[in-house]
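With compact mmCIF, C-alpha atoms and all ligand atoms inside, this is structure.txt:
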# COMPACT_ATOMS: atom_id res chain seq x y z
CA MET A 28 19.70 82.43 31.18
CA GLU A 29 22.44 85.02 30.83
CA LYS A 30 22.21 87.21 33.90
CA VAL A 31 25.19 89.02 35.37
CA SER A 32 25.33 89.88 39.07
CA ALA A 33 23.62 93.00 40.35
CA LEU A 34 27.08 94.41 41.11
CA ILE A 35 28.25 94.13 37.52
CA ALA A 36 24.91 95.40 36.26
CA ARG A 37 25.34 98.55 38.37
CA LEU A 38 28.90 99.09 37.19
CA SER A 39 29.52 101.49 34.30
CA VAL A 40 31.94 100.69 31.52
CA SER A 41 35.14 102.76 31.73
CA GLU A 42 34.44 105.70 29.44
CA THR A 43 38.14 106.33 28.72
CA LEU A 44 38.70 102.74 27.65
CA ALA A 45 35.41 102.63 25.70
CA MET A 46 36.27 105.74 23.72
CA ALA A 47 39.79 104.46 23.05
CA GLN A 48 38.27 101.24 21.72
CA LYS A 49 35.80 103.11 19.50
CA SER A 50 38.59 105.15 17.97
CA ALA A 51 40.80 102.06 17.51
CA ASP A 52 37.90 100.27 15.75
CA LEU A 53 37.33 103.22 13.47
CA LYS A 54 41.03 103.37 12.71
CA ALA A 55 41.09 99.64 11.93
CA SER A 56 38.30 100.22 9.42
CA GLY A 57 40.61 102.60 7.54
CA VAL A 58 39.54 105.99 8.96
CA ASP A 59 42.36 108.40 9.79
CA VAL A 60 41.45 108.97 13.45
CA ILE A 61 43.59 111.06 15.80
CA SER A 62 43.09 109.65 19.26
CA LEU A 63 43.18 112.13 22.11
CA SER A 64 41.08 109.81 24.24
CA LEU A 65 43.33 107.52 26.22
CA GLY A 66 45.66 109.06 28.78
CA GLU A 67 48.98 107.37 28.27
CA PRO A 68 52.44 108.61 27.37
CA ASP A 69 53.22 108.05 23.69
CA PHE A 70 56.92 107.47 24.48
CA ASN A 71 58.59 104.10 24.56
CA THR A 72 59.71 102.73 27.91
CA PRO A 73 63.32 103.92 28.50
CA THR A 74 66.02 101.51 27.31
CA HIS A 75 67.62 100.78 30.69
CA ILE A 76 64.23 99.65 32.01
CA LYS A 77 63.61 97.37 29.05
CA GLU A 78 67.09 95.91 29.46
CA ALA A 79 66.38 95.10 33.11
CA ALA A 80 63.22 93.27 32.09
CA LYS A 81 65.07 91.23 29.47
CA LYS A 82 67.68 90.35 32.04
CA ALA A 83 64.96 89.29 34.48
CA ILE A 84 63.61 86.84 31.92
CA ASP A 85 67.09 85.42 31.31
CA ASN A 86 67.68 85.17 35.05
CA ASN A 87 64.50 83.12 35.44
CA TYR A 88 62.33 85.59 37.29
CA SER A 89 59.48 83.36 36.30
CA PHE A 90 58.04 82.16 39.59
CA TYR A 91 55.21 83.46 41.76
CA THR A 92 56.23 86.68 43.43
CA PRO A 93 55.61 87.72 47.04
CA VAL A 94 52.05 89.09 47.25
CA PRO A 95 53.08 92.69 48.06
CA GLY A 96 56.01 92.59 45.62
CA TYR A 97 59.73 91.74 45.72
CA LEU A 98 61.47 93.19 48.74
CA SER A 99 64.10 94.77 46.47
CA LEU A 100 61.36 96.67 44.60
CA ARG A 101 59.67 97.78 47.79
CA GLU A 102 63.06 98.97 49.06
CA ALA A 103 63.57 100.93 45.85
CA ILE A 104 60.11 102.52 46.31
CA CYS A 105 60.97 103.48 49.90
CA LYS A 106 64.19 105.06 48.64
CA LYS A 107 62.20 106.98 46.01
CA LEU A 108 59.74 108.19 48.65
CA LYS A 109 62.62 109.42 50.82
CA GLN A 110 64.65 111.04 48.06
CA GLU A 111 61.86 112.57 46.01
CA ASN A 112 59.22 113.23 48.66
CA ASN A 113 61.16 113.28 51.93
CA LEU A 114 58.78 110.66 53.33
CA ASP A 115 59.84 107.77 55.55
CA TYR A 116 58.35 104.39 54.75
CA VAL A 117 59.53 100.83 55.34
CA PRO A 118 58.99 98.01 52.82
CA SER A 119 56.19 96.42 54.87
CA GLN A 120 54.12 99.53 54.16
CA ILE A 121 54.38 99.13 50.39
CA VAL A 122 52.04 96.92 48.36
CA CYS A 123 52.69 96.57 44.63
CA SER A 124 49.75 95.82 42.40
CA ASN A 125 48.55 95.59 38.82
CA GLY A 126 48.78 99.28 38.11
CA ALA A 127 47.79 102.21 40.27
CA LYS A 128 44.26 101.24 39.29
CA GLN A 129 44.36 98.15 41.47
CA ALA A 130 46.13 100.09 44.22
CA VAL A 131 43.24 102.60 44.45
CA SER A 132 40.75 99.76 44.46
CA ASN A 133 42.74 97.85 47.10
CA ALA A 134 42.80 100.92 49.33
CA LEU A 135 39.03 101.40 49.07
CA LEU A 136 38.27 97.73 49.63
CA ALA A 137 40.58 97.73 52.62
CA VAL A 138 38.72 100.46 54.52
CA VAL A 139 35.19 100.95 53.15
CA ASP A 140 32.22 99.12 54.67
CA VAL A 141 28.72 98.89 53.21
CA ASP A 142 27.23 102.38 52.81
CA ASP A 143 30.31 104.17 54.09
CA GLU A 144 30.78 107.51 52.38
CA VAL A 145 33.81 108.30 50.27
CA ILE A 146 34.36 111.95 49.45
CA ILE A 147 35.50 112.55 45.89
CA PRO A 148 36.31 116.02 44.64
CA THR A 149 35.12 116.34 41.05
CA PRO A 150 36.01 116.54 38.21
CA CYS A 151 37.77 113.26 38.87
CA TRP A 152 39.06 110.21 37.05
CA VAL A 153 36.25 108.02 35.68
CA SER A 154 37.09 104.90 37.67
CA TYR A 155 36.77 106.40 41.16
CA PHE A 156 32.96 106.26 41.34
CA GLU A 157 32.93 102.72 40.05
CA MET A 158 35.60 101.53 42.47
CA VAL A 159 33.57 102.96 45.34
CA LYS A 160 30.56 101.00 44.02
CA LEU A 161 32.69 97.84 43.98
CA ALA A 162 33.48 98.45 47.64
CA ASN A 163 29.75 98.91 48.38
CA GLY A 164 30.41 102.45 49.48
CA ILE A 165 28.67 105.68 48.54
CA SER A 166 30.47 108.39 46.60
CA VAL A 167 29.96 111.89 47.92
CA GLU A 168 30.96 114.42 45.29
CA ILE A 169 32.39 117.81 46.06
CA LYS A 170 32.09 119.84 42.90
CA ALA A 171 35.03 122.10 42.17
CA GLY A 172 34.45 124.68 39.48
CA ILE A 173 36.68 126.43 37.00
CA GLU A 174 36.44 129.61 39.14
CA ASN A 175 38.43 127.82 41.86
CA ASP A 176 40.84 126.20 39.43
CA TYR A 177 38.88 122.94 39.78
CA LYS A 178 40.05 122.52 43.37
CA ILE A 179 37.92 122.14 46.48
CA THR A 180 38.06 124.54 49.41
CA PRO A 181 38.41 123.62 53.10
CA LYS A 182 34.86 124.92 53.64
CA GLN A 183 33.47 122.55 51.01
CA LEU A 184 35.35 119.68 52.61
CA GLU A 185 34.04 120.53 56.07
CA GLU A 186 30.48 120.62 54.75
CA ALA A 187 30.83 117.24 53.03
CA ILE A 188 32.13 115.29 56.02
CA THR A 189 29.51 113.33 58.00
CA PRO A 190 29.80 110.66 60.69
CA LYS A 191 29.59 108.12 57.81
CA THR A 192 32.63 109.50 55.98
CA LYS A 193 35.28 106.81 55.79
CA ALA A 194 37.64 108.17 53.18
CA MET A 195 38.49 110.96 50.81
CA LEU A 196 39.90 110.03 47.41
CA PHE A 197 41.61 112.70 45.37
CA CYS A 198 44.25 113.13 42.71
CA SER A 199 46.91 115.84 42.32
CA PRO A 200 48.06 116.57 39.64
CA SER A 201 44.55 115.83 38.48
CA ASN A 202 43.15 113.71 35.75
CA PRO A 203 41.17 115.27 34.03
CA THR A 204 41.74 118.94 34.97
CA GLY A 205 45.52 119.11 35.34
CA SER A 206 45.05 121.13 38.55
CA ILE A 207 47.59 120.80 41.32
CA TYR A 208 47.10 121.45 45.03
CA SER A 209 49.88 123.61 46.45
CA LYS A 210 51.33 122.88 49.88
CA GLU A 211 49.30 125.77 51.31
CA GLU A 212 46.09 124.43 49.77
CA LEU A 213 46.78 120.97 51.16
CA ALA A 214 47.45 122.53 54.56
CA GLY A 215 43.99 124.12 54.38
CA LEU A 216 42.41 120.71 53.82
CA VAL A 217 44.52 119.18 56.60
CA GLU A 218 43.18 121.82 59.03
CA VAL A 219 39.70 120.36 58.40
CA LEU A 220 40.76 116.71 58.35
CA LYS A 221 42.53 117.16 61.71
CA ASN A 222 39.13 117.36 63.35
CA HIS A 223 37.87 114.17 61.69
CA PRO A 224 40.39 111.47 62.54
CA GLN A 225 38.20 108.68 61.13
CA VAL A 226 38.73 109.90 57.56
CA ILE A 227 41.38 108.02 55.58
CA VAL A 228 42.87 109.96 52.68
CA ILE A 229 43.65 108.11 49.46
CA SER A 230 46.03 110.36 47.58
CA ASP A 231 46.44 109.37 43.95
CA GLU A 232 49.83 110.73 42.90
CA ILE A 233 50.24 108.87 39.62
CA TYR A 234 50.90 112.17 37.76
CA GLU A 235 53.48 113.30 40.33
CA HIS A 236 56.19 113.89 37.76
CA ILE A 237 54.01 115.45 35.11
CA ASN A 238 53.99 118.72 36.94
CA TYR A 239 54.84 122.01 35.21
CA ALA A 240 54.26 124.17 38.28
CA GLY A 241 56.98 123.07 40.65
CA HIS A 242 57.80 120.30 43.06
CA HIS A 243 55.18 117.67 43.88
CA GLU A 244 53.54 118.06 47.26
CA SER A 245 51.99 115.05 48.97
CA ILE A 246 49.38 115.36 51.70
CA ALA A 247 51.30 112.61 53.54
CA GLN A 248 54.01 115.18 54.41
CA PHE A 249 51.77 116.60 57.16
CA ASP A 250 52.45 114.90 60.49
CA GLU A 251 48.73 114.72 61.26
CA MET A 252 48.07 112.87 58.00
CA LYS A 253 50.90 110.38 57.49
CA ASP A 254 49.24 107.67 59.61
CA ARG A 255 45.98 107.85 57.73
CA THR A 256 47.05 108.55 54.18
CA VAL A 257 47.40 105.97 51.44
CA ILE A 258 49.68 107.25 48.69
CA VAL A 259 48.97 105.64 45.33
CA ASN A 260 51.57 105.84 42.60
CA GLY A 261 53.24 103.69 39.96
CA VAL A 262 55.40 103.59 36.89
CA SER A 263 52.70 103.97 34.21
CA LYS A 264 52.92 107.71 33.64
CA ALA A 265 56.36 108.76 34.87
CA TYR A 266 58.23 106.01 33.05
CA ALA A 267 55.91 105.42 30.08
CA MET A 268 55.03 101.92 31.29
CA THR A 269 51.24 101.74 31.09
CA GLY A 270 51.19 98.24 29.63
CA TRP A 271 53.54 96.78 32.24
CA ARG A 272 50.84 97.12 34.90
CA LEU A 273 52.83 98.07 37.93
CA GLY A 274 51.52 100.41 40.59
CA TRP A 275 51.74 100.55 44.37
CA MET A 276 50.45 101.98 47.59
CA ALA A 277 52.44 103.36 50.50
CA ALA A 278 50.16 103.07 53.48
CA PRO A 279 49.83 102.71 57.23
CA LEU A 280 50.84 99.14 58.07
CA TRP A 281 47.29 97.96 58.88
CA ILE A 282 46.05 99.06 55.45
CA ALA A 283 49.07 97.56 53.68
CA LYS A 284 48.36 94.28 55.48
CA ALA A 285 44.69 94.39 54.52
CA ALA A 286 45.57 95.07 50.87
CA THR A 287 48.05 92.19 50.90
CA LYS A 288 45.41 89.86 52.33
CA LEU A 289 42.97 90.93 49.62
CA GLN A 290 45.50 90.57 46.83
CA GLY A 291 46.53 87.17 48.16
CA GLN A 292 43.04 85.86 47.46
CA TYR A 293 42.35 87.87 44.36
CA THR A 294 45.31 88.38 42.04
CA SER A 295 48.50 87.39 43.92
CA GLY A 296 51.71 89.34 43.47
CA CYS A 297 52.07 91.17 40.17
CA SER A 298 54.25 90.21 37.23
CA SER A 299 57.82 89.27 38.11
CA ILE A 300 59.20 90.88 34.95
CA ALA A 301 57.27 94.12 35.44
CA GLN A 302 58.55 94.28 39.01
CA LYS A 303 62.18 93.94 37.95
CA ALA A 304 61.58 96.59 35.30
CA ALA A 305 60.02 98.93 37.87
CA GLU A 306 62.95 98.37 40.21
CA ALA A 307 65.29 99.51 37.45
CA ALA A 308 63.06 102.53 36.86
CA TYR A 309 63.24 103.64 40.50
CA ASN A 310 66.95 102.93 40.78
CA GLY A 311 67.77 104.53 37.44
CA GLY A 312 67.39 108.26 38.08
CA LEU A 313 64.98 110.82 36.74
CA GLU A 314 66.67 111.91 33.53
CA THR A 315 64.18 110.23 31.18
CA VAL A 316 61.28 111.39 33.34
CA TYR A 317 62.37 115.03 33.00
CA GLU A 318 62.88 114.63 29.28
CA MET A 319 59.32 113.36 28.83
CA ARG A 320 57.98 116.10 31.06
CA GLU A 321 59.62 118.76 28.91
CA ASN A 322 57.84 117.35 25.89
CA PHE A 323 54.52 117.27 27.71
CA GLU A 324 54.95 120.86 28.81
CA ARG A 325 55.63 122.03 25.26
CA ARG A 326 52.56 120.14 24.07
CA ARG A 327 50.50 121.63 26.89
CA ASP A 328 51.47 125.11 25.70
CA LEU A 329 50.68 124.14 22.12
CA ILE A 330 47.22 122.70 22.78
CA VAL A 331 46.28 125.58 25.09
CA GLU A 332 47.30 128.07 22.39
CA LEU A 333 45.34 126.26 19.67
CA ALA A 334 42.28 125.61 21.80
CA SER A 335 42.22 129.27 22.89
CA ASP A 336 41.32 130.01 19.32
CA ILE A 337 38.13 127.95 19.57
CA GLU A 338 35.47 130.46 20.54
CA GLY A 339 33.06 128.15 22.32
CA PHE A 340 35.61 126.58 24.68
CA LYS A 341 36.00 127.93 28.18
CA LEU A 342 39.58 127.04 29.01
CA HIS A 343 41.57 126.42 32.12
CA LYS A 344 45.33 126.08 31.79
CA PRO A 345 46.42 122.71 33.19
CA GLU A 346 49.48 122.77 35.43
CA GLY A 347 50.10 119.05 35.31
CA ALA A 348 49.09 115.65 33.84
CA PHE A 349 48.43 115.63 30.09
CA TYR A 350 44.81 116.56 29.60
CA LEU A 351 42.95 119.63 28.42
CA PHE A 352 39.44 119.80 29.87
CA PRO A 353 37.56 122.72 28.34
CA ASP A 354 33.99 123.62 29.22
CA CYS A 355 32.17 123.03 25.93
CA SER A 356 28.60 123.77 27.04
CA HIS A 357 28.45 126.63 24.51
CA TYR A 358 27.74 123.96 21.88
CA PHE A 359 24.85 122.27 23.70
CA GLY A 360 21.60 122.66 21.77
CA LYS A 361 23.40 123.29 18.49
CA SER A 362 22.78 121.05 15.46
CA TYR A 363 24.36 119.72 12.34
CA GLU A 364 22.61 117.79 9.58
CA GLY A 365 19.59 117.03 11.73
CA GLY A 366 21.47 115.85 14.82
CA THR A 367 21.50 117.91 17.99
CA ILE A 368 24.32 118.09 20.53
CA ASN A 369 22.66 117.66 23.90
CA ASP A 370 25.69 117.04 26.07
CA SER A 371 29.44 116.53 25.99
CA GLY A 372 29.00 112.82 25.19
CA ASP A 373 27.15 113.85 22.02
CA LEU A 374 29.89 116.35 21.29
CA ALA A 375 32.59 113.68 21.68
CA MET A 376 30.67 111.41 19.28
CA TYR A 377 30.21 114.28 16.84
CA LEU A 378 33.94 115.06 16.91
CA LEU A 379 34.77 111.41 16.38
CA GLU A 380 32.44 111.07 13.41
CA GLU A 381 32.86 114.50 11.84
CA ALA A 382 36.45 115.46 12.74
CA HIS A 383 37.84 111.98 13.30
CA VAL A 384 39.25 113.14 16.60
CA ALA A 385 38.62 110.99 19.67
CA ALA A 386 38.03 112.75 22.99
CA VAL A 387 36.07 111.77 26.12
CA GLY A 388 32.82 113.43 27.26
CA GLY A 389 32.97 114.95 30.75
CA ALA A 390 29.96 113.24 32.37
CA ALA A 391 31.96 110.19 33.46
CA PHE A 392 34.43 112.56 35.14
CA GLY A 393 31.57 114.22 37.06
CA ALA A 394 31.72 117.28 34.79
CA PRO A 395 29.04 117.05 32.10
CA ASN A 396 29.85 120.49 30.64
CA ASN A 397 33.42 119.53 29.78
CA ILE A 398 35.25 117.38 27.29
CA ARG A 399 38.69 115.79 27.76
CA PHE A 400 41.49 115.83 25.22
CA SER A 401 44.67 113.92 26.05
CA TYR A 402 47.68 115.72 24.60
CA ALA A 403 50.09 112.84 25.18
CA THR A 404 50.72 112.67 21.47
CA SER A 405 52.94 114.31 18.85
CA ASP A 406 52.93 118.06 18.17
CA ASP A 407 51.75 117.31 14.63
CA ASN A 408 48.81 115.27 15.88
CA ILE A 409 47.86 118.02 18.30
CA LYS A 410 47.98 120.65 15.53
CA GLU A 411 45.96 118.57 13.08
CA ALA A 412 43.45 117.49 15.74
CA MET A 413 42.76 121.02 16.94
CA LYS A 414 42.37 122.21 13.35
CA ARG A 415 39.81 119.48 12.70
CA VAL A 416 38.00 120.13 15.98
CA LYS A 417 37.77 123.83 15.23
CA ASN A 418 36.38 123.22 11.73
CA ALA A 419 33.84 120.68 12.95
CA LEU A 420 32.66 122.95 15.76
CA ASN A 421 32.26 125.83 13.32
CA LYS A 422 29.74 123.74 11.40
CA LEU A 423 27.40 123.57 14.39
CA ALA A 424 24.57 126.08 14.32
N1 LIG A 501 44.86 107.18 38.64
C1 LIG A 501 44.62 108.06 37.67
C2 LIG A 501 44.19 109.42 38.04
C3 LIG A 501 44.76 107.70 36.33
O1 LIG A 501 44.53 108.58 35.38
C4 LIG A 501 45.14 106.39 36.01
C5 LIG A 501 45.17 105.97 34.57
N2 LIG A 501 46.35 105.62 34.14
C6 LIG A 501 45.41 105.51 37.06
C7 LIG A 501 45.26 105.92 38.36
C8 LIG A 501 45.81 104.10 36.83
O2 LIG A 501 47.08 103.98 36.36
P1 LIG A 501 47.74 102.54 36.10
O3 LIG A 501 48.02 102.49 34.65
O4 LIG A 501 48.99 102.55 36.90
O5 LIG A 501 46.77 101.53 36.54
N1 LIG A 502 44.01 106.68 33.16
C1 LIG A 502 44.02 106.80 31.75
C2 LIG A 502 42.91 107.71 31.29
O1 LIG A 502 42.30 108.35 32.07
C3 LIG A 502 44.01 105.45 31.10
C4 LIG A 502 42.68 104.78 30.88
C5 LIG A 502 42.05 104.35 32.15
O2 LIG A 502 42.51 103.42 32.76
O3 LIG A 502 41.08 105.06 32.52
O4 LIG A 502 42.69 107.81 30.12

Go through the file and emit its structure as structure tokens.
Amino acid sequence: MEKVSALIARLSVSETLAMAQKSADLKASGVDVISLSLGEPDFNTPTHIKEAAKKAIDNNYSFYTPVPGYLSLREAICKKLKQENNLDYVPSQIVCSNGAKQAVSNALLAVVDVDDEVIIPTPCWVSYFEMVKLANGISVEIKAGIENDYKITPKQLEEAITPKTKAMLFCSPSNPTGSIYSKEELAGLVEVLKNHPQVIVISDEIYEHINYAGHHESIAQFDEMKDRTVIVNGVSKAYAMTGWRLGWMAAPLWIAKAATKLQGQYTSGCSSIAQKAAEAAYNGGLETVYEMRENFERRRDLIVELASDIEGFKLHKPEGAFYLFPDCSHYFGKSYEGGTINDSGDLAMYLLEEAHVAAVGGAAFGAPNNIRFSYATSDDNIKEAMKRVKNALNKLA
């Protein structure tokens, strides 16, 4: 009898990956699909990083790696944290993993016990709720609306904390909203967290460098927070290295040790080649990062301009990451050729089938009125996609 565990049965499929697969399948069948579903830079990995990886192969970096990563990589990450974020870490506080995805999961599994509560400001990335499930915890959502720039307030945070709160997991710059917490806004949250020392903060900073508003601010910069913050970051977004699978956490030593213990039984150290590539990325300067960011910013302006012309979208201008996340509830209840759009999942399917544009419905991000478009693609694709989306939406009545 084919029967998966209760844990897997409870787990949802990743909506971002599912939609990317649907659009890839449609494309393979010959349909001209423009995919704005998956959030990944469309640039190639910079040459000096690829060269380092080739060299690593030639130099026989082919053996098991230390579970938390090569010391030289962890040193490079500590140097990055000092130079870019003015944060002091030592290599024993760094644990490298298979993408930032595993780093978030490691952090949760390291601290969450059965039925512990994990506060998650929403809209949030689709995998957070599921990772909390994997850790047997309970997600406690704090809903942040467009009126507050999709950011939570200190008052909301205070109201959400209970004696069962073990962690807060948030992301700035945010996937999917592109919102960024300023230093002052973080300070407001810290004022609340100060009174609840049992709460660990998992700060997902994977979009650190895709920031059009200014310098990245980490919550770990506050003295009260450093010893209970887990920074999660990696090379996927900043260095266009999503397929290399290299992320990391910078954490209090006890959490880094716990994550290492977990990884030691679960996946071991991550790829030797990817680690040498990441080391070259962190030692190689930020020139390519800034170049990519300039392109993303231009595309952000372009998609915002084009989407502003779509009457039924309620827009919020993203300050970072590479997603547009309009409220599309205006279209709910409308129909086309017998089918009715009941929610943003239906709208995403309608756009895929009618406009051949792949986007992701907002429900999996905790925002059922919204739809996510990734603009990490060419200007031409963005122009054509928004034209198609507009035409398809105009057909709904
Ligand atoms: N956090 C957020 C908010 C993301 O959007 C993603 C998706 N790339 C990740 C973490 C995971 O990134 P990685 O590719 O490094 O696993
Ligand atoms: N994080 C990216 C996204 O949100 C990649 C897919 C995933 O892992 O969710 O689209």

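Relative to CA of Pro395 (chain A), CA of Gly372 (chain A) is found at 8.1 Å.
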
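From CA of Val217 (chain A) back to CA of Asp176 (chain A), the distance works out to 18.9 Å.
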
message: Applying 10 Å and all atoms listed in the file, which residues near Leu44 (chain A) remain after dropping the ones on its own chain fewer than 2 positions away? List them as a list in words.
response: Val40, Ser41, Glu42, Met46, Ala47, Gln48, Lys49, Ser50, Ser64, Leu65, Gly66, Val153 and Val387 of chain A

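For the pair CA of Ile233 (chain A) and CA of Ala286 (chain A), the separation is 18.4 Å.
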
Per residue of chain A within 9 Å of ligand LIG 501 (chain A), note the shortest atom pair and the distance in Å to one decimal, counting all atoms listed in the file, and order the rows by chain and increasing residue number, as a tab-separated table.
residue	atom	partner	partner_atom	distance
A:Leu65	CA	A:LIG501	N2	8.7
A:Gly66	CA	A:LIG501	N2	6.4
A:Glu67	CA	A:LIG501	N2	6.7
A:Ser124	CA	A:LIG501	O5	8.7
A:Asn125	CA	A:LIG501	O5	6.6
A:Gly126	CA	A:LIG501	O5	3.4
A:Ala127	CA	A:LIG501	O4	3.6
A:Lys128	CA	A:LIG501	O5	3.7
A:Gln129	CA	A:LIG501	O5	6.4
A:Ala130	CA	A:LIG501	O5	7.8
A:Val131	CA	A:LIG501	C7	7.2
A:Cys151	CA	A:LIG501	C2	7.5
A:Trp152	CA	A:LIG501	C2	5.3
A:Val153	CA	A:LIG501	O1	8.3
A:Ser154	CA	A:LIG501	N1	8.2
A:Tyr155	CA	A:LIG501	N1	8.5
A:Phe197	CA	A:LIG501	C2	8.4
A:Cys198	CA	A:LIG501	C2	6.0
A:Ser199	CA	A:LIG501	C2	8.2
A:Pro200	CA	A:LIG501	C2	8.3
A:Ser201	CA	A:LIG501	C2	6.4
A:Asn202	CA	A:LIG501	C2	5.0
A:Pro203	CA	A:LIG501	O1	7.6
A:Asp231	CA	A:LIG501	N1	6.0
A:Glu232	CA	A:LIG501	N1	7.4
A:Ile233	CA	A:LIG501	N1	5.7
A:Tyr234	CA	A:LIG501	C2	7.3
A:Val259	CA	A:LIG501	C7	7.9
A:Asn260	CA	A:LIG501	O4	7.1
A:Gly261	CA	A:LIG501	O4	5.4
A:Val262	CA	A:LIG501	O4	6.5
A:Ser263	CA	A:LIG501	O4	4.8
A:Lys264	CA	A:LIG501	N2	6.9
A:Met268	CA	A:LIG501	O3	7.8
A:Thr269	CA	A:LIG501	O3	4.9
A:Gly270	CA	A:LIG501	O3	7.3
A:Trp271	CA	A:LIG501	O3	8.3
A:Arg272	CA	A:LIG501	O3	6.1
A:Leu273	CA	A:LIG501	O4	6.0
A:Gly274	CA	A:LIG501	O4	5.0
A:Trp275	CA	A:LIG501	O4	8.2
A:Ala348	CA	A:LIG501	O1	8.6

Complete the atom set of region 253-259 of chain A to all heavy atoms and return it as a compact mmCIF listing (two decimals), in the frame of the given file.
# COMPACT_ATOMS: atom_id res chain seq x y z
N LYS A 253 50.09 111.52 57.96
CA LYS A 253 50.90 110.38 57.49
C LYS A 253 50.28 109.04 57.88
O LYS A 253 50.26 108.11 57.07
CB LYS A 253 52.31 110.54 58.08
CG LYS A 253 53.26 109.40 57.78
CD LYS A 253 54.12 109.67 56.58
CE LYS A 253 54.97 108.49 56.19
NZ LYS A 253 55.82 107.93 57.25
N ASP A 254 49.75 108.96 59.12
CA ASP A 254 49.24 107.67 59.61
C ASP A 254 47.85 107.33 59.11
O ASP A 254 47.28 106.31 59.50
CB ASP A 254 49.24 107.66 61.15
CG ASP A 254 50.66 107.56 61.67
OD1 ASP A 254 51.55 107.17 60.88
OD2 ASP A 254 50.88 107.91 62.85
N ARG A 255 47.29 108.21 58.30
CA ARG A 255 45.98 107.85 57.73
C ARG A 255 45.87 108.26 56.25
O ARG A 255 44.80 108.53 55.75
CB ARG A 255 44.84 108.43 58.56
CG ARG A 255 44.91 109.92 58.76
CD ARG A 255 43.80 110.30 59.73
NE ARG A 255 43.80 111.67 60.12
CZ ARG A 255 42.82 112.50 59.82
NH1 ARG A 255 41.80 112.11 59.11
NH2 ARG A 255 42.87 113.74 60.26
N THR A 256 47.05 108.28 55.62
CA THR A 256 47.05 108.55 54.18
C THR A 256 47.57 107.33 53.44
O THR A 256 48.55 106.71 53.86
CB THR A 256 47.98 109.75 53.86
OG1 THR A 256 47.44 110.91 54.48
CG2 THR A 256 48.08 110.01 52.36
N VAL A 257 46.90 107.01 52.35
CA VAL A 257 47.40 105.97 51.44
C VAL A 257 47.87 106.70 50.19
O VAL A 257 47.06 107.29 49.47
CB VAL A 257 46.29 104.97 51.07
CG1 VAL A 257 46.85 103.90 50.12
CG2 VAL A 257 45.69 104.34 52.31
N ILE A 258 49.17 106.68 49.94
CA ILE A 258 49.68 107.25 48.69
C ILE A 258 49.55 106.17 47.62
O ILE A 258 49.94 105.02 47.84
CB ILE A 258 51.17 107.64 48.82
CG1 ILE A 258 51.33 108.80 49.80
CG2 ILE A 258 51.75 108.02 47.45
CD1 ILE A 258 52.78 109.22 50.00
N VAL A 259 49.02 106.56 46.47
CA VAL A 259 48.97 105.64 45.33
C VAL A 259 49.85 106.22 44.23
O VAL A 259 49.78 107.42 43.92
CB VAL A 259 47.52 105.46 44.82
CG1 VAL A 259 47.50 104.71 43.50
CG2 VAL A 259 46.67 104.75 45.87
